[in-house]
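Q: I have a structure I would like to understand better, so I am pasting it below and will then ask my questions one at a time.
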Amino acid sequence: MSGKQNSAVGEQVSPGPKKATKAPKPESRLAMVRRARRINRELAEVYPYAHPELDFRNPFELLVATVLSAQTTDLRVNQTTPALFAKYPTPEDLAAANPEEVEELIRPTGFFRAKTKSIMGLAAAIRDDFGGKVPGRLDDLVKLPGVGRKTAFVVLGNAFGVPGLTVDTHFQRLVRRWKLTEQQDPVKIEAEIAAIFPKSEWTMLSHRVIFHGRRICHARKPACGACPIAHLCPSYGEGETDPVKAKKLLKYEMGGQPGQRLNPPRDYPGKPAPALGAAG
């Protein structure tokens, strides 16, 4: 055998130096904005029925329900407010109520003493300072007891038609997963996201993002394998990627379960939630 053959058979020929792989280029601002707006368009196709998930008939009911929704689910609030609003339908009625009776009515929502103080306080302020009508300005709403920017924008967007971003825990989680912001503070997140989308889209964008966070892109186990916008998500793979397993993680109408509203909009494709104490 020739030396060349011996070299090929008996010795390992060291490979040449490895070529360094280029790190992917960071996404440009323009590309990020285009991707963000495409996410919004595609979510609009997935959730054409997106809506606020609190039952309400007027601005006062929405304001009270939103304050009660802190640290609990919209479902529990919706199961609790019918009795509350039946007894105290106006700000004047609630402001003059017996606090202990209000506490008992809203007990299922948790933190019922603090919430009673807030909703009775805001009812009194609406009665005394705004002629019994919920104000339709951000600066006025945030002066009411228990009302911050998030609550104010829920009311403005859904009761008064004033565009606003509802930066709740779902919204914060998803916009960070989508790499639209690195901020942690809700006010800073609001400012950065507001700069990406047209003002006219803010309210519906909020509904779509929150719907997606509750149904598919969960905090602990996002259903990546069942996500319709996975191709636009830089965090794909944080959750379950197997389509069959991911489908089992879907919630509400996506998973064939009741929604959160006892009285959902007509176009909602899911089942209404059961009343408090009713069988699932």
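Scheme for the structure tokens: letters A, B, ... for chains in order shown; per-chain residue numbers from 1; ligand numbers from 1 in order shown.
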Neighbouring residues of Ile126 in chain A were defined as those with any atom within 10 Å, considering only C-alpha atoms; residues of the same chain fewer than 3 positions away were excluded. Please report them as a PyMOL selection string.
A: chain A and resi 60+90-92+95+120-123+129-135+140-141+144
Q: When distances are computed from only C-alpha atoms, which of A:Arg215, A:Lys188, A:Arg29, A:Arg173 shows the smallest separation from Gly255 in chain A?
A: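 Counting only C-alpha atoms, the residue closest to Gly255 in chain A is A:Arg215.
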Q: Considering only C-alpha atoms, return as a JSON list (two decimals) with all heavy atoms, in the first residue's frame whatever protein or nucleic-acid residues lie within 8 Å of range 190-195 of chain A, sequence-local ones (same chain, fewer than 4 positions apart) excluded.
A:
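Contents of selection-v8.json, as written:
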```json
[["chain", "number", "residue", "atom", "x", "y", "z"],
["A", 165, "LEU", "N", -54.46, 51.72, 25.73],
["A", 165, "LEU", "CA", -53.83, 50.41, 25.88],
["A", 165, "LEU", "C", -54.04, 49.89, 27.29],
["A", 165, "LEU", "O", -53.73, 50.59, 28.26],
["A", 165, "LEU", "CB", -52.33, 50.49, 25.58],
["A", 165, "LEU", "CG", -51.94, 50.76, 24.13],
["A", 165, "LEU", "CD1", -50.45, 51.06, 24.04],
["A", 165, "LEU", "CD2", -52.30, 49.58, 23.25],
["A", 167, "VAL", "N", -52.60, 47.69, 29.75],
["A", 167, "VAL", "CA", -51.35, 46.97, 30.00],
["A", 167, "VAL", "C", -51.50, 46.12, 31.26],
["A", 167, "VAL", "O", -51.00, 46.47, 32.33],
["A", 167, "VAL", "CB", -50.17, 47.95, 30.10],
["A", 167, "VAL", "CG1", -48.85, 47.19, 30.23],
["A", 167, "VAL", "CG2", -50.12, 48.85, 28.86],
["A", 180, "LEU", "N", -41.12, 43.18, 21.58],
["A", 180, "LEU", "CA", -41.54, 44.51, 21.18],
["A", 180, "LEU", "C", -41.08, 45.55, 22.20],
["A", 180, "LEU", "O", -41.08, 46.75, 21.92],
["A", 180, "LEU", "CB", -43.07, 44.58, 21.04],
["A", 180, "LEU", "CG", -43.72, 43.55, 20.11],
["A", 180, "LEU", "CD1", -45.21, 43.83, 19.97],
["A", 180, "LEU", "CD2", -43.03, 43.52, 18.75],
["A", 181, "THR", "N", -40.71, 45.09, 23.37],
["A", 181, "THR", "CA", -40.20, 45.96, 24.43],
["A", 181, "THR", "C", -39.41, 45.10, 25.40],
["A", 181, "THR", "O", -39.65, 43.90, 25.53],
["A", 181, "THR", "CB", -41.33, 46.70, 25.17],
["A", 181, "THR", "OG1", -40.77, 47.55, 26.18],
["A", 181, "THR", "CG2", -42.26, 45.71, 25.85],
["A", 186, "PRO", "N", -45.16, 49.15, 33.67],
["A", 186, "PRO", "CA", -46.33, 49.23, 32.78],
["A", 186, "PRO", "C", -46.47, 50.55, 32.02],
["A", 186, "PRO", "O", -46.87, 50.57, 30.86],
["A", 186, "PRO", "CB", -47.51, 49.03, 33.74],
["A", 186, "PRO", "CG", -46.95, 48.25, 34.88],
["A", 186, "PRO", "CD", -45.54, 48.73, 35.03],
["A", 199, "LYS", "N", -53.05, 54.92, 16.89],
["A", 199, "LYS", "CA", -53.91, 55.13, 18.05],
["A", 199, "LYS", "C", -55.26, 54.45, 17.90],
["A", 199, "LYS", "O", -55.83, 53.92, 18.86],
["A", 199, "LYS", "CB", -54.09, 56.64, 18.28],
["A", 199, "LYS", "CG", -54.73, 57.00, 19.61],
["A", 199, "LYS", "CD", -54.69, 58.51, 19.83],
["A", 199, "LYS", "CE", -55.25, 58.86, 21.20],
["A", 199, "LYS", "NZ", -55.20, 60.33, 21.44],
["A", 202, "TRP", "N", -55.40, 50.89, 19.36],
["A", 202, "TRP", "CA", -54.98, 50.58, 20.73],
["A", 202, "TRP", "C", -55.99, 49.73, 21.51],
["A", 202, "TRP", "O", -55.61, 48.75, 22.15],
["A", 202, "TRP", "CB", -54.72, 51.88, 21.49],
["A", 202, "TRP", "CG", -53.49, 52.61, 21.06],
["A", 202, "TRP", "CD1", -52.55, 52.20, 20.15],
["A", 202, "TRP", "CD2", -53.09, 53.92, 21.47],
["A", 202, "TRP", "NE1", -51.58, 53.15, 19.98],
["A", 202, "TRP", "CE2", -51.88, 54.23, 20.78],
["A", 202, "TRP", "CE3", -53.61, 54.86, 22.36],
["A", 202, "TRP", "CZ2", -51.21, 55.44, 20.97],
["A", 202, "TRP", "CZ3", -52.95, 56.07, 22.54],
["A", 202, "TRP", "CH2", -51.75, 56.34, 21.86]]
```
Q: Nearest to Asn58 in chain A among A:Pro89, A:Glu240, A:Ala219, A:Cys227, with distances taken over only C-alpha atoms: which residue is it?
A: A:Pro89
Q: Write out as a ChimeraX atom specification each polymer residue whose atoms come within 12 Å of Arg34 in chain A, counting only C-alpha atoms; drop sequence neighbours fewer than 6 positions from it.
A: /A:27-28,40-41,180,196-197,232
Q: Write out as a PyMOL selection string all residues of range 1-172 of chain A that DSSP puts in helix (DSSP H, G or I) for this structure's backbone.
A: chain A and resi 3-10+29-46+59-68+74-87+91-95+99-109+112-129+138-141+149-159+169-172
Q: Provide the CA of Asp74 in chain A to CA of Val142 in chain A distance in Å, to one decimal place.
A: 21.1 Å
Q: Find the residues around range 242-244 of chain A up to 10 Å (only C-alpha atoms counted), leave out those fewer than 5 positions away in its own chain, and share them as a ChimeraX atom specification.
A: /A:223-227,237,249
Q: Just to confirm, what's the straight-line distance from CA of Gly110 in chain A to CA of Arg76 in chain A in Å (one decimal)?
A: 9.6 Å
Q: So the first atom is CA of Ala246 in chain A and the second is CA of Pro228 in chain A; what is the distance between them in Å, to one decimal place?
A: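 Taking CA of Ala246 in chain A and CA of Pro228 in chain A, their separation equals 11.8 Å.
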Q: Please, which residues in range 70-95 of chain A fall within 10 Å of range 45-53 of chain A when counting only C-alpha atoms, and what is the closest atom pair and distance in Å to one decimal for each, ordered by chain then residue number, as CSV?
A:
```
residue,atom,partner,partner_atom,distance
A:Thr73,CA,A:Glu53,CA,9.7
A:Asp74,CA,A:Glu53,CA,6.4
A:Leu75,CA,A:Glu53,CA,8.0
A:Val77,CA,A:Glu53,CA,9.9
A:Asn78,CA,A:Glu53,CA,8.6
```
Q: Would you put the residues from that selection into a file with C-alpha atoms, as an mmCIF file, in the first residue's frame?
A:
```
data_model
loop_
_atom_site.group_PDB
_atom_site.id
_atom_site.type_symbol
_atom_site.label_atom_id
_atom_site.label_comp_id
_atom_site.auth_asym_id
_atom_site.auth_seq_id
_atom_site.Cartn_x
_atom_site.Cartn_y
_atom_site.Cartn_z
ATOM 1 C CA THR A 73 -60.585 36.396 37.414
ATOM 2 C CA ASP A 74 -63.089 38.234 35.253
ATOM 3 C CA LEU A 75 -65.278 35.158 35.595
ATOM 4 C CA VAL A 77 -66.277 39.219 39.005
ATOM 5 C CA ASN A 78 -69.014 38.489 36.465
#
```
Q: Extract, using only C-alpha atoms, all DNA, RNA and protein residues at most 12 Å from Pro99 in chain A, discarding same-chain residues fewer than 6 positions from it, and format them as a list in words.
A: Tyr88, Asp93, Leu105, Ile106, Arg107, Phe112, Arg113, Ala114, Lys115, Thr116, Lys117, Ser118, Ile119, Met120 and Gly121 of chain A
Q: Those residues with all heavy atoms, as a short mmCIF file (atom, residue, chain, number, x, y, z; two decimals), in the first residue's frame please?
A:
```cif
data_model
loop_
_atom_site.label_atom_id
_atom_site.label_comp_id
_atom_site.auth_asym_id
_atom_site.auth_seq_id
_atom_site.Cartn_x
_atom_site.Cartn_y
_atom_site.Cartn_z
N TYR A 88 -77.40 47.95 44.19
CA TYR A 88 -76.83 49.31 44.12
C TYR A 88 -76.58 49.67 42.65
O TYR A 88 -75.46 49.63 42.16
CB TYR A 88 -75.52 49.38 44.90
CG TYR A 88 -75.61 48.83 46.30
CD1 TYR A 88 -74.94 47.66 46.65
CD2 TYR A 88 -76.36 49.47 47.29
CE1 TYR A 88 -75.02 47.15 47.93
CE2 TYR A 88 -76.46 48.96 48.57
CZ TYR A 88 -75.78 47.80 48.88
OH TYR A 88 -75.86 47.28 50.16
N ASP A 93 -76.50 55.12 44.99
CA ASP A 93 -76.90 53.97 45.79
C ASP A 93 -75.70 53.32 46.48
O ASP A 93 -75.75 52.99 47.67
CB ASP A 93 -77.60 52.92 44.91
CG ASP A 93 -78.90 53.42 44.33
OD1 ASP A 93 -79.63 54.16 45.02
OD2 ASP A 93 -79.21 53.09 43.17
N LEU A 105 -71.36 41.04 49.70
CA LEU A 105 -71.72 40.80 48.31
C LEU A 105 -70.49 40.56 47.43
O LEU A 105 -70.54 39.73 46.51
CB LEU A 105 -72.51 41.99 47.76
CG LEU A 105 -73.99 42.09 48.19
CD1 LEU A 105 -74.56 43.44 47.78
CD2 LEU A 105 -74.81 40.97 47.59
N ILE A 106 -69.40 41.27 47.71
CA ILE A 106 -68.23 41.13 46.84
C ILE A 106 -67.16 40.21 47.42
O ILE A 106 -66.08 40.07 46.84
CB ILE A 106 -67.60 42.51 46.52
CG1 ILE A 106 -66.95 43.12 47.76
CG2 ILE A 106 -68.64 43.45 45.93
CD1 ILE A 106 -66.08 44.34 47.45
N ARG A 107 -67.46 39.54 48.51
CA ARG A 107 -66.51 38.65 49.16
C ARG A 107 -65.87 37.65 48.19
O ARG A 107 -64.66 37.37 48.28
CB ARG A 107 -67.18 37.91 50.32
CG ARG A 107 -66.26 36.98 51.10
CD ARG A 107 -67.04 36.23 52.17
NE ARG A 107 -67.45 37.11 53.24
CZ ARG A 107 -66.74 37.33 54.35
NH1 ARG A 107 -65.57 36.73 54.51
NH2 ARG A 107 -67.19 38.13 55.29
N PHE A 112 -61.93 41.81 49.86
CA PHE A 112 -63.23 42.47 49.78
C PHE A 112 -63.33 43.73 50.64
O PHE A 112 -64.08 44.65 50.31
CB PHE A 112 -64.36 41.49 50.15
CG PHE A 112 -64.21 40.84 51.50
CD1 PHE A 112 -64.75 41.42 52.63
CD2 PHE A 112 -63.52 39.65 51.62
CE1 PHE A 112 -64.61 40.82 53.87
CE2 PHE A 112 -63.37 39.04 52.85
CZ PHE A 112 -63.92 39.63 53.99
N ARG A 113 -62.55 43.84 51.74
CA ARG A 113 -62.60 45.05 52.55
C ARG A 113 -61.97 46.23 51.81
O ARG A 113 -62.55 47.33 51.75
CB ARG A 113 -61.91 44.82 53.89
CG ARG A 113 -62.69 43.88 54.81
CD ARG A 113 -62.12 43.85 56.22
NE ARG A 113 -62.91 42.95 57.06
CZ ARG A 113 -62.67 41.66 57.21
NH1 ARG A 113 -61.63 41.10 56.56
NH2 ARG A 113 -63.43 40.91 57.98
N ALA A 114 -60.79 46.00 51.24
CA ALA A 114 -60.12 47.07 50.48
C ALA A 114 -60.93 47.44 49.24
O ALA A 114 -61.06 48.63 48.89
CB ALA A 114 -58.72 46.63 50.08
N LYS A 115 -61.50 46.45 48.58
CA LYS A 115 -62.29 46.73 47.38
C LYS A 115 -63.58 47.47 47.72
O LYS A 115 -64.03 48.35 46.96
CB LYS A 115 -62.58 45.43 46.63
CG LYS A 115 -61.35 44.83 45.96
CD LYS A 115 -61.67 43.54 45.22
CE LYS A 115 -60.43 42.96 44.56
NZ LYS A 115 -60.71 41.69 43.84
N THR A 116 -64.17 47.14 48.85
CA THR A 116 -65.37 47.86 49.28
C THR A 116 -65.05 49.33 49.50
O THR A 116 -65.80 50.23 49.07
CB THR A 116 -65.94 47.24 50.58
OG1 THR A 116 -66.42 45.94 50.30
CG2 THR A 116 -67.08 48.09 51.14
N LYS A 117 -63.92 49.59 50.15
CA LYS A 117 -63.51 50.97 50.38
C LYS A 117 -63.31 51.71 49.06
O LYS A 117 -63.72 52.87 48.91
CB LYS A 117 -62.22 50.98 51.20
CG LYS A 117 -61.77 52.37 51.64
CD LYS A 117 -60.55 52.28 52.54
CE LYS A 117 -60.08 53.67 52.98
NZ LYS A 117 -58.88 53.60 53.86
N SER A 118 -62.70 51.03 48.09
CA SER A 118 -62.44 51.66 46.79
C SER A 118 -63.73 51.95 46.03
O SER A 118 -63.94 53.07 45.54
CB SER A 118 -61.53 50.78 45.94
OG SER A 118 -60.22 50.74 46.47
N ILE A 119 -64.60 50.96 45.89
CA ILE A 119 -65.78 51.17 45.06
C ILE A 119 -66.79 52.12 45.71
O ILE A 119 -67.45 52.89 45.01
CB ILE A 119 -66.45 49.84 44.64
CG1 ILE A 119 -67.00 49.07 45.84
CG2 ILE A 119 -65.48 48.99 43.84
CD1 ILE A 119 -67.80 47.82 45.45
N MET A 120 -66.86 52.10 47.05
CA MET A 120 -67.74 53.07 47.71
C MET A 120 -67.13 54.47 47.63
O MET A 120 -67.85 55.46 47.45
CB MET A 120 -67.98 52.66 49.16
CG MET A 120 -68.85 51.42 49.32
SD MET A 120 -69.33 51.09 51.04
CE MET A 120 -70.39 52.52 51.38
N GLY A 121 -65.80 54.54 47.70
CA GLY A 121 -65.13 55.83 47.59
C GLY A 121 -65.27 56.43 46.21
O GLY A 121 -65.54 57.63 46.05
#
```
Q: Which residues, written as a VMD selection string, have at least one atom at most 9 Å from Gln183 in chain A, with only C-alpha atoms counted and residues fewer than 6 positions away on the same chain left out?
A: chain A and resid 172 176 189 192
Q: How would the residues just picked look written out with C-alpha atoms as a compact mmCIF listing (two decimals), in the first residue's frame?
A:
```
# COMPACT_ATOMS: atom_id res chain seq x y z
CA GLN A 172 -46.98 42.78 29.49
CA ARG A 176 -42.02 41.08 25.97
CA ILE A 189 -44.44 49.53 28.22
CA GLU A 192 -43.28 52.01 23.77
```
Q: Restricting the calculation to only C-alpha atoms, which member of A:Arg177, A:Arg127, A:Arg137, A:Arg35 is positioned closest to Tyr236 in chain A?
A: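 Of A:Arg177, A:Arg127, A:Arg137, A:Arg35, the one nearest Tyr236 in chain A, counting only C-alpha atoms, is A:Arg177.
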Q: Can you work out which one of A:Ser235, A:Thr151, A:Ser206, A:Thr66 has the shortest atom-to-atom distance to Trp178 in chain A, counting only C-alpha atoms?
A: A:Ser235
